[in-house]
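Peer 1: The structure that follows is given in the form of structure tokens.
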Protein chains: 2
Amino acid sequence: MTQMQAARQGTITEEMLIVAQDEGIDVELLRERIAEGRVVIPRNINHPNYYPVGIGEGLRTKTNANIGTSPDHVDLEEELLKVEICERYCADTIMDLSTGGDLDFIRTTILNRWRKPLGTVPVYQVACELLREGKSITEMDPEHLFEVIERQAQQGVDFMTLHCGITRESLRIFVQQKRTCGMVSRGGSLLAHWMAHNRTENPLYEQFDRVLEICSKYDVTISLGDGMRPGAISDAGDAAQWYETSVLGELTLRAWEAGVQVMIEGPGHVPIHHVEAHIKMMKRLCHGAPVYVLGPLTCDIGAGYDHITAAIGGAIAAAAGADFLCYVTPAEHLRLPDPEDVRQGIIAARIAAHSGDIAKGVKGAWERNLEMSKARYRLDWETMFALALDPDKAREYRMLSEDYNKGVCTMCGDFCAYVASMTTERKVSASLTEGAARAEGNEDQQPANLENASLRRLREKLGSVV
Amino acid sequence: MTQMQAARQGTITEEMLIVAQDEGIDVELLRERIAEGRVVIPRNINHPNYYPVGIGEGLRTKTNANIGTSPDHVDLEEELLKVEICERYCADTIMDLSTGGDLDFIRTTILNRWRKPLGTVPVYQVACELLREGKSITEMDPEHLFEVIERQAQQGVDFMTLHCGITRESLRIFVQQKRTCGMVSRGGSLLAHWMAHNRTENPLYEQFDRVLEICSKYDVTISLGDGMRPGAISDAGDAAQWYETSVLGELTLRAWEAGVQVMIEGPGHVPIHHVEAHIKMMKRLCHGAPVYVLGPLTCDIGAGYDHITAAIGGAIAAAAGADFLCYVTPAEHLRLPDPEDVRQGIIAARIAAHSGDIAKGVKGAWERNLEMSKARYRLDWETMFALALDPDKAREYRMLSEDYNKGVCTMCGDFCAYVASMTTERKVSASLTEGAARAEGNEDQQPANLENASLRRLREKLGSVV
């Protein structure tokens with residue numbers, strides 16, 4: 001039974017209990033949303049030592065990190081280091097996009113290390129296995145594709161990007177757009193190439209029931225891939241993209257009928273003033289299914305810093321209702337990310353997700369910022385490190401500061417605004433209290449002692465330079 | 001005569017001509033906006049070798065980089081390296097916020113190296129000079145403050161942050177807010193501390209005409225400082241902030257009357273769903289004067305990565321009408337930025353500004369992205385580097401790629417989506433053309449040869465793996 005089927009029957013699974021607890025929401029509400037398809041828990045019954053993560057309406061916005069080898073760079077140790085980084089810096093899910101080396105071995109190794117949901121793009125493995133035989137993707141036998149999907153499902157993959165919405169009609173519309181950057185979805189472009197070459201309909205669309213059968217059996221969540229994802233802001237929101245999205249909406253209803261969990265993949269590159277509209281239309285066309293975006297990048301010229309470009313679009317997307325952000329690393333558009341890129345990408349995505357969560361009113365988001373700001377005002381560095389999204393980085397920067405032992409930082413040094421501000425607050429409050437006392441003829445009322453313990457500690461540290 | 005006075009008289013200055021040319025807009029329109037105060041050209045008549053930059057409505061969103069020494073870290077060579085970085089990575093303005101060493105010497109040295117607008121916060125120098133005499137800011141003689149403003153104006157400083165809007169009334173409102181982070185404006189908190197200690201009105205407010213006299217004489221643009229800038233999202237948009245903003249609006253009208261150019265400084269930390277409202281209300285309360293924001297940061301917990309947190313808010317602010325973004329570096333909240341932090345901060349701010357410019361429809365913004373995307377689709381790396389905001393970084397990442405000589409990148413390697421997409425486009429187009437030909441009974445019409453030169457070059461490079 002899938003999580004969705006259980007939810008519909010009124011069963012609260014162990015996974016639901018953990019997710020509800022982690023999110024601080026009512027488990028019955030969570031169950032309802034899973035039953036309705038508005039929340040997914042990607043959880044393959046074969047994933048060993050699995051720890052559940054919920055994605056969707058009312059939950060914390062989740063972040064995914066893509067890792068994996070490429071044909072020219074195969075180093076399993078490096079990939080496992082990336083897995084460690086994903087753990088340390090709190091990615092919610094990993095996608096193993098390996099296209100080099102022994103893919104089954106790499107995947108099962110990662111599945112044994114990574115407890116939270118793991119995703120893949122099965123068509124990559126098909127292309128790799130064909131390449132090894134000296135064949136092109138155009139020679140793919142659709143049976144091979146289904147066999148790989150089942151093989152990966154059997155191994156325990158929790159969610160799979162399947163480009164089921166690329167149809168011959170969507171390709172017809174696509175070529176009419178004369179896009180700047182064509183198709184930039186790697187899996188989508190492989191499948192489209194096969195379709196164009198063989199003048200054949202997409203097997204994942206034609207035989208969608210077969211896809212559902214496998215996914216239902218292992219409870220694989222389908223991440224309905226966006227082959228028409230725009231890879232340039234000038235391509236965003238064109239007819240090909242929306243046609244495919246509406247096909248994904250149809251397939252979503254069919255998946256739900258079969259009790260299969262579904263997410264919808266989205267852009268890509270989108271100009272900033274269109275991001276909100278994109279997310280709202282995706283949610284509308286796909287009946288409230290969780291939306292999983294890659295970026296979106298709000299401009300095309302940030303090469304080397306596209307984790308930032310993506311964080312801008314991702315934050316706006318999250319605030320507008322996107323549920324799941326795929327990270328983008330500084331290496332995007334240039335090369336395969338290395339472990340440091342992975343760390344940068346995770347934190348950038350988490351900043352975006354968290355900024356969106358504040359707007360969404362996700363439980364605990366506001367409070368964490370409040371605690372951070374309180375710690376900041378009392379110059380309580382250890383609490384600041386603990387609350388920062390990357391405590392290691394915050395500490396490292398702080399340690400480089402020559403003022404480390406002075407309490408304040410080298411930014412302001414002796415002219416610390418916090419210290420001046422606290423003194424000002426105390427003095428203005430005192431003068432207002434005195435004024436009020438005089439007005440009431442109550443001359444012997446003294447100014448309130450507003451100097452609390454942390455302020456006292458600070459003043460001891462800093463002396464009285466301000 | 002100030003740029004504003006000239007504009008009002010119908011005079012087109014050399015500075016206006018250059019700005020109009022650089023921005024690709026009509027110089028008469030620019031003159032009108034300067035006359036109305038909607039655009040400023042911060043240009044001190046004493047700045048040697050000056051190159052003009054316009055800030056405001058209809059112009060490219062500008063970015064500022066803060067540099068400068070601190071009491072515990074004085075290294076002029078390092079500051080000059082930061083100036084070089086600002087040139088190389090295209091910051092539009094610099095603020096010298098030095099608070100350590102010989103401030104006059106540091107400033108005049110920078111003014112001789114940096115041709116574009118240079119800004120300062122004069123009260124810092126006052127505080128430093130008092131500290132050197134063993135005195136606290138509370139002992140400041142207001143005459144000293146005016147003397148420093150005039151001294152810096154005489155040296156050629158193009159714009160100055162002056163916290164003229166902190167009044168006794170704003171401090172009364174401030175203490176009632178019981179803010180999480182109090183005042184985080186360093187200059188503002190110094191002045192407020194002086195006011196609170198001496199129970200006196202702000203001399204920059206009380207003697208605003210004297211401020212205007214100096215600024216008019218040298219054409220110093222006043223950056224009306226926001227002493228009540230929120231330093232925590234929980235403090236954003238409170239009564240103290242808006243009271244001060246409305247005071248800045250009053251002062252803006254008085255400055256315009258005196259022919260003095262004005263910008264309005266803004267937040268700070270603001271939750272993502274309030275950023276647009278903040279910018280629109282600032283523009284409204286301050287009569288369309290250019291808005292200069294620091295961030296805003298959309299959450300408080302990004303320490304070590306606050307250039308990203310600021311880029312999210314800055315991009316939304318720019319799209320909503322902010323004209324000028326002060327960069328935030330990864331060192332923000334932790335320590336004084338080093339040269340690499342400066343580079344990171346500049347590029348993050350430029351990504352934000354550029355993302356906003358696309359929404360604003362600023363001339364050339366869309367086109368640059370289009371050219372980038374076209375280059376990307378034809379895998380033309382040299383053009384991509386040239387169009388990237390940081391060509392050095394893009395090239396450096398690319399050079400590390402093991403696929404450098406293969407044309408594609410290690411992200412997809414042999415499975416390059418662009419190549420598959422181009423082939424798909426060609427094949428689908430051909431099949432549609434054939435279909436159309438058959439439908440018309442025009443049997444001998446052949447598929448159009450859609451294979452252009454760049455595609456041919458690519459295919460030669462890549463063989464036929466896809």
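So you can find residues: chains in the structure tokens are A, B, ... in the order shown, residues in each start at 1, and ligands are numbered from 1 in order.
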Contacts between chain B and chain A, please, where a residue of chain A counts if it comes within 6 Å (with only C-alpha atoms); show its shortest atom pair and distance in Å to one decimal, rows by chain and ascending number, as a tab-separated table.

Peer 2:
```
residue	atom	partner	partner_atom	distance
A:Ser136	CA	B:Val466	CA	5.3
A:Ile137	CA	B:Val466	CA	6.0
A:Val175	CA	B:Glu425	CA	5.8
A:Thr180	CA	B:Lys374	CA	5.8
A:Cys181	CA	B:Tyr377	CA	5.2
A:Gly182	CA	B:Ser421	CA	5.8
A:Met183	CA	B:Ser421	CA	5.3
A:Val184	CA	B:Ala417	CA	5.3
A:Arg186	CA	B:Ala417	CA	4.7
A:Ser189	CA	B:Ser421	CA	5.5
A:His193	CA	B:Thr424	CA	4.9
A:Ala196	CA	B:Val428	CA	5.5
A:Ala232	CA	B:Ser373	CA	5.9
A:His273	CA	B:Ala359	CA	5.6
A:Thr298	CA	B:Ser355	CA	5.6
A:Cys299	CA	B:Ser355	CA	5.7
A:Asp300	CA	B:Asn369	CA	5.3
A:Ile301	CA	B:Ala388	CA	4.7
A:Gly302	CA	B:Leu389	CA	5.9
A:Ala303	CA	B:Ala394	CA	5.5
A:Gly304	CA	B:Ala394	CA	4.9
A:Ile308	CA	B:Ile308	CA	5.8
A:Ile312	CA	B:Ile312	CA	4.4
A:Leu334	CA	B:Arg398	CA	5.2
A:Arg335	CA	B:Thr410	CA	4.8
A:Leu336	CA	B:Met411	CA	4.4
A:Ser355	CA	B:Thr298	CA	5.5
A:Ala359	CA	B:His273	CA	5.6
A:Asn369	CA	B:Asp300	CA	5.3
A:Ser373	CA	B:Ala232	CA	5.9
A:Lys374	CA	B:Thr180	CA	5.8
A:Tyr377	CA	B:Cys181	CA	5.2
A:Ala388	CA	B:Ile301	CA	4.7
A:Leu389	CA	B:Gly302	CA	5.9
A:Lys393	CA	B:Gly304	CA	5.6
A:Ala394	CA	B:Gly304	CA	4.9
A:Arg398	CA	B:Leu334	CA	5.2
A:Ser401	CA	B:Arg335	CA	5.5
A:Cys409	CA	B:Arg335	CA	5.2
A:Thr410	CA	B:Arg335	CA	4.8
A:Met411	CA	B:Leu336	CA	4.3
A:Ala417	CA	B:Arg186	CA	4.7
A:Ala420	CA	B:Ser189	CA	5.6
A:Ser421	CA	B:Met183	CA	5.3
A:Thr424	CA	B:His193	CA	4.9
A:Glu425	CA	B:Val175	CA	5.7
A:Lys427	CA	B:Ala196	CA	5.8
A:Val428	CA	B:Ala196	CA	5.5
A:Val465	CA	B:Ser136	CA	5.7
A:Val466	CA	B:Ser136	CA	5.4
```

Peer 1: Based on the selection just made, write N, CA and C atoms of those residues as a compact mmCIF listing (two decimals), in the first residue's frame.

Peer 2:
```
# COMPACT_ATOMS: atom_id res chain seq x y z
N SER A 136 23.37 4.78 -29.76
CA SER A 136 22.81 6.11 -29.45
C SER A 136 21.46 5.93 -28.76
N ILE A 137 20.99 6.97 -28.10
CA ILE A 137 19.69 6.95 -27.44
C ILE A 137 18.57 6.66 -28.46
N VAL A 175 8.67 23.08 -31.50
CA VAL A 175 9.48 23.59 -32.62
C VAL A 175 8.93 24.91 -33.15
N THR A 180 15.09 30.18 -27.77
CA THR A 180 16.49 30.60 -27.71
C THR A 180 17.39 29.43 -27.31
N CYS A 181 16.95 28.67 -26.33
CA CYS A 181 17.78 27.60 -25.78
C CYS A 181 17.18 26.21 -25.93
N GLY A 182 16.16 26.06 -26.75
CA GLY A 182 15.60 24.73 -26.99
C GLY A 182 15.17 24.03 -25.74
N MET A 183 15.46 22.72 -25.67
CA MET A 183 15.16 21.94 -24.46
C MET A 183 16.43 21.84 -23.63
N VAL A 184 16.34 22.15 -22.35
CA VAL A 184 17.53 22.07 -21.50
C VAL A 184 17.41 20.96 -20.46
N ARG A 186 17.91 17.51 -19.48
CA ARG A 186 18.76 16.47 -20.06
C ARG A 186 17.96 15.21 -20.37
N SER A 189 15.40 15.87 -23.12
CA SER A 189 15.94 16.00 -24.47
C SER A 189 16.35 14.64 -25.04
N HIS A 193 14.59 13.29 -28.30
CA HIS A 193 15.42 12.92 -29.45
C HIS A 193 14.99 11.54 -29.97
N ALA A 196 11.68 11.98 -31.79
CA ALA A 196 11.82 12.67 -33.07
C ALA A 196 12.45 11.75 -34.11
N ALA A 232 16.18 29.63 -20.60
CA ALA A 232 16.54 31.03 -20.86
C ALA A 232 15.31 31.84 -20.47
N HIS A 273 9.52 39.04 -12.49
CA HIS A 273 8.12 39.48 -12.38
C HIS A 273 7.14 38.42 -12.87
N THR A 298 16.59 34.02 -12.24
CA THR A 298 15.92 35.25 -12.66
C THR A 298 16.70 36.05 -13.70
N CYS A 299 17.88 35.54 -14.07
CA CYS A 299 18.57 36.09 -15.25
C CYS A 299 19.51 35.01 -15.77
N ASP A 300 20.04 35.23 -16.96
CA ASP A 300 20.85 34.20 -17.62
C ASP A 300 22.35 34.45 -17.50
N ILE A 301 22.75 35.58 -16.91
CA ILE A 301 24.15 35.99 -17.02
C ILE A 301 24.92 35.86 -15.70
N GLY A 302 24.44 35.00 -14.82
CA GLY A 302 25.10 34.85 -13.51
C GLY A 302 26.11 33.71 -13.44
N ALA A 303 26.56 33.21 -14.59
CA ALA A 303 27.46 32.04 -14.61
C ALA A 303 28.57 32.16 -13.56
N GLY A 304 28.74 31.10 -12.76
CA GLY A 304 29.72 31.11 -11.68
C GLY A 304 29.08 31.48 -10.35
N ILE A 308 23.10 31.90 -6.56
CA ILE A 308 22.47 33.16 -6.12
C ILE A 308 21.28 33.50 -7.01
N ILE A 312 17.27 33.70 -5.70
CA ILE A 312 16.32 34.81 -5.87
C ILE A 312 14.98 34.26 -6.36
N LEU A 334 28.49 25.35 -16.15
CA LEU A 334 29.93 25.39 -16.42
C LEU A 334 30.62 24.04 -16.28
N ARG A 335 30.26 23.33 -15.20
CA ARG A 335 30.89 22.02 -15.00
C ARG A 335 30.15 21.26 -13.89
N LEU A 336 30.54 20.00 -13.69
CA LEU A 336 29.99 19.20 -12.61
C LEU A 336 30.38 19.84 -11.27
N SER A 355 13.35 31.83 3.40
CA SER A 355 12.74 33.14 3.13
C SER A 355 11.30 32.96 2.69
N ALA A 359 7.23 33.85 4.60
CA ALA A 359 6.03 34.37 3.94
C ALA A 359 4.87 33.40 4.05
N ASN A 369 14.19 33.07 13.37
CA ASN A 369 14.76 34.38 13.06
C ASN A 369 14.74 35.30 14.28
N SER A 373 17.92 37.01 16.02
CA SER A 373 18.06 38.46 16.16
C SER A 373 18.26 38.86 17.61
N LYS A 374 17.59 38.14 18.51
CA LYS A 374 17.80 38.40 19.94
C LYS A 374 19.25 38.11 20.32
N TYR A 377 21.52 40.83 19.06
CA TYR A 377 21.45 42.08 19.81
C TYR A 377 22.23 41.98 21.12
N ALA A 388 22.46 29.73 12.87
CA ALA A 388 22.78 30.03 11.46
C ALA A 388 22.56 28.79 10.60
N LEU A 389 22.20 28.99 9.35
CA LEU A 389 21.96 27.85 8.45
C LEU A 389 23.25 27.05 8.24
N LYS A 393 30.41 27.88 8.73
CA LYS A 393 30.85 29.05 7.97
C LYS A 393 30.80 30.30 8.83
N ALA A 394 29.70 30.46 9.59
CA ALA A 394 29.56 31.64 10.44
C ALA A 394 30.70 31.69 11.45
N ARG A 398 33.81 34.45 11.72
CA ARG A 398 33.95 35.16 12.99
C ARG A 398 35.34 34.96 13.58
N SER A 401 38.05 37.13 12.51
CA SER A 401 37.93 38.51 12.92
C SER A 401 38.93 38.82 14.03
N CYS A 409 32.39 42.86 16.53
CA CYS A 409 33.08 42.37 15.33
C CYS A 409 33.83 43.50 14.65
N THR A 410 34.74 43.16 13.74
CA THR A 410 35.58 44.17 13.09
C THR A 410 34.79 45.09 12.17
N MET A 411 33.53 44.74 11.89
CA MET A 411 32.74 45.63 11.04
C MET A 411 32.63 47.00 11.69
N ALA A 417 26.93 49.27 16.79
CA ALA A 417 25.61 49.90 16.79
C ALA A 417 24.72 49.32 17.88
N ALA A 420 25.51 51.01 21.21
CA ALA A 420 25.00 52.39 21.21
C ALA A 420 23.48 52.38 21.29
N SER A 421 22.86 51.45 20.56
CA SER A 421 21.41 51.39 20.52
C SER A 421 20.83 51.05 21.90
N THR A 424 21.09 54.00 24.11
CA THR A 424 20.09 54.98 23.70
C THR A 424 18.72 54.60 24.22
N GLU A 425 18.36 53.35 24.04
CA GLU A 425 17.05 52.88 24.48
C GLU A 425 16.88 53.13 25.97
N LYS A 427 18.49 55.26 27.91
CA LYS A 427 18.46 56.67 28.26
C LYS A 427 17.15 57.35 27.85
N VAL A 428 16.69 57.02 26.62
CA VAL A 428 15.43 57.64 26.18
C VAL A 428 14.28 57.16 27.05
N VAL A 465 33.15 52.99 25.69
CA VAL A 465 33.60 53.79 24.55
C VAL A 465 32.46 54.54 23.90
N VAL A 466 31.25 54.01 24.05
CA VAL A 466 30.13 54.75 23.45
C VAL A 466 29.26 55.34 24.56
```

Peer 1: Please identify which residues in range 324-356 of chain A DSSP calls helix (DSSP H, G or I) from the backbone, and express them as a PyMOL selection string.

Peer 2: chain A and resi 339-356

Peer 1: Could you please determine the separation between CA of Met263 in chain A and CA of Ser223 in chain A in Å, to one decimal place?

Peer 2: 4.7 Å

Peer 1: Find the residue from B:Leu204, B:Leu59, B:Ile166, B:Ala353 that sits nearest to Val40 in chain B; use only C-alpha atoms when measuring.

Peer 2: B:Leu59

Peer 1: Could you pull out all residues of range 82-181 of chain A with a DSSP call of strand (DSSP E or B) and give them as a count of residues only?

Peer 2: 11
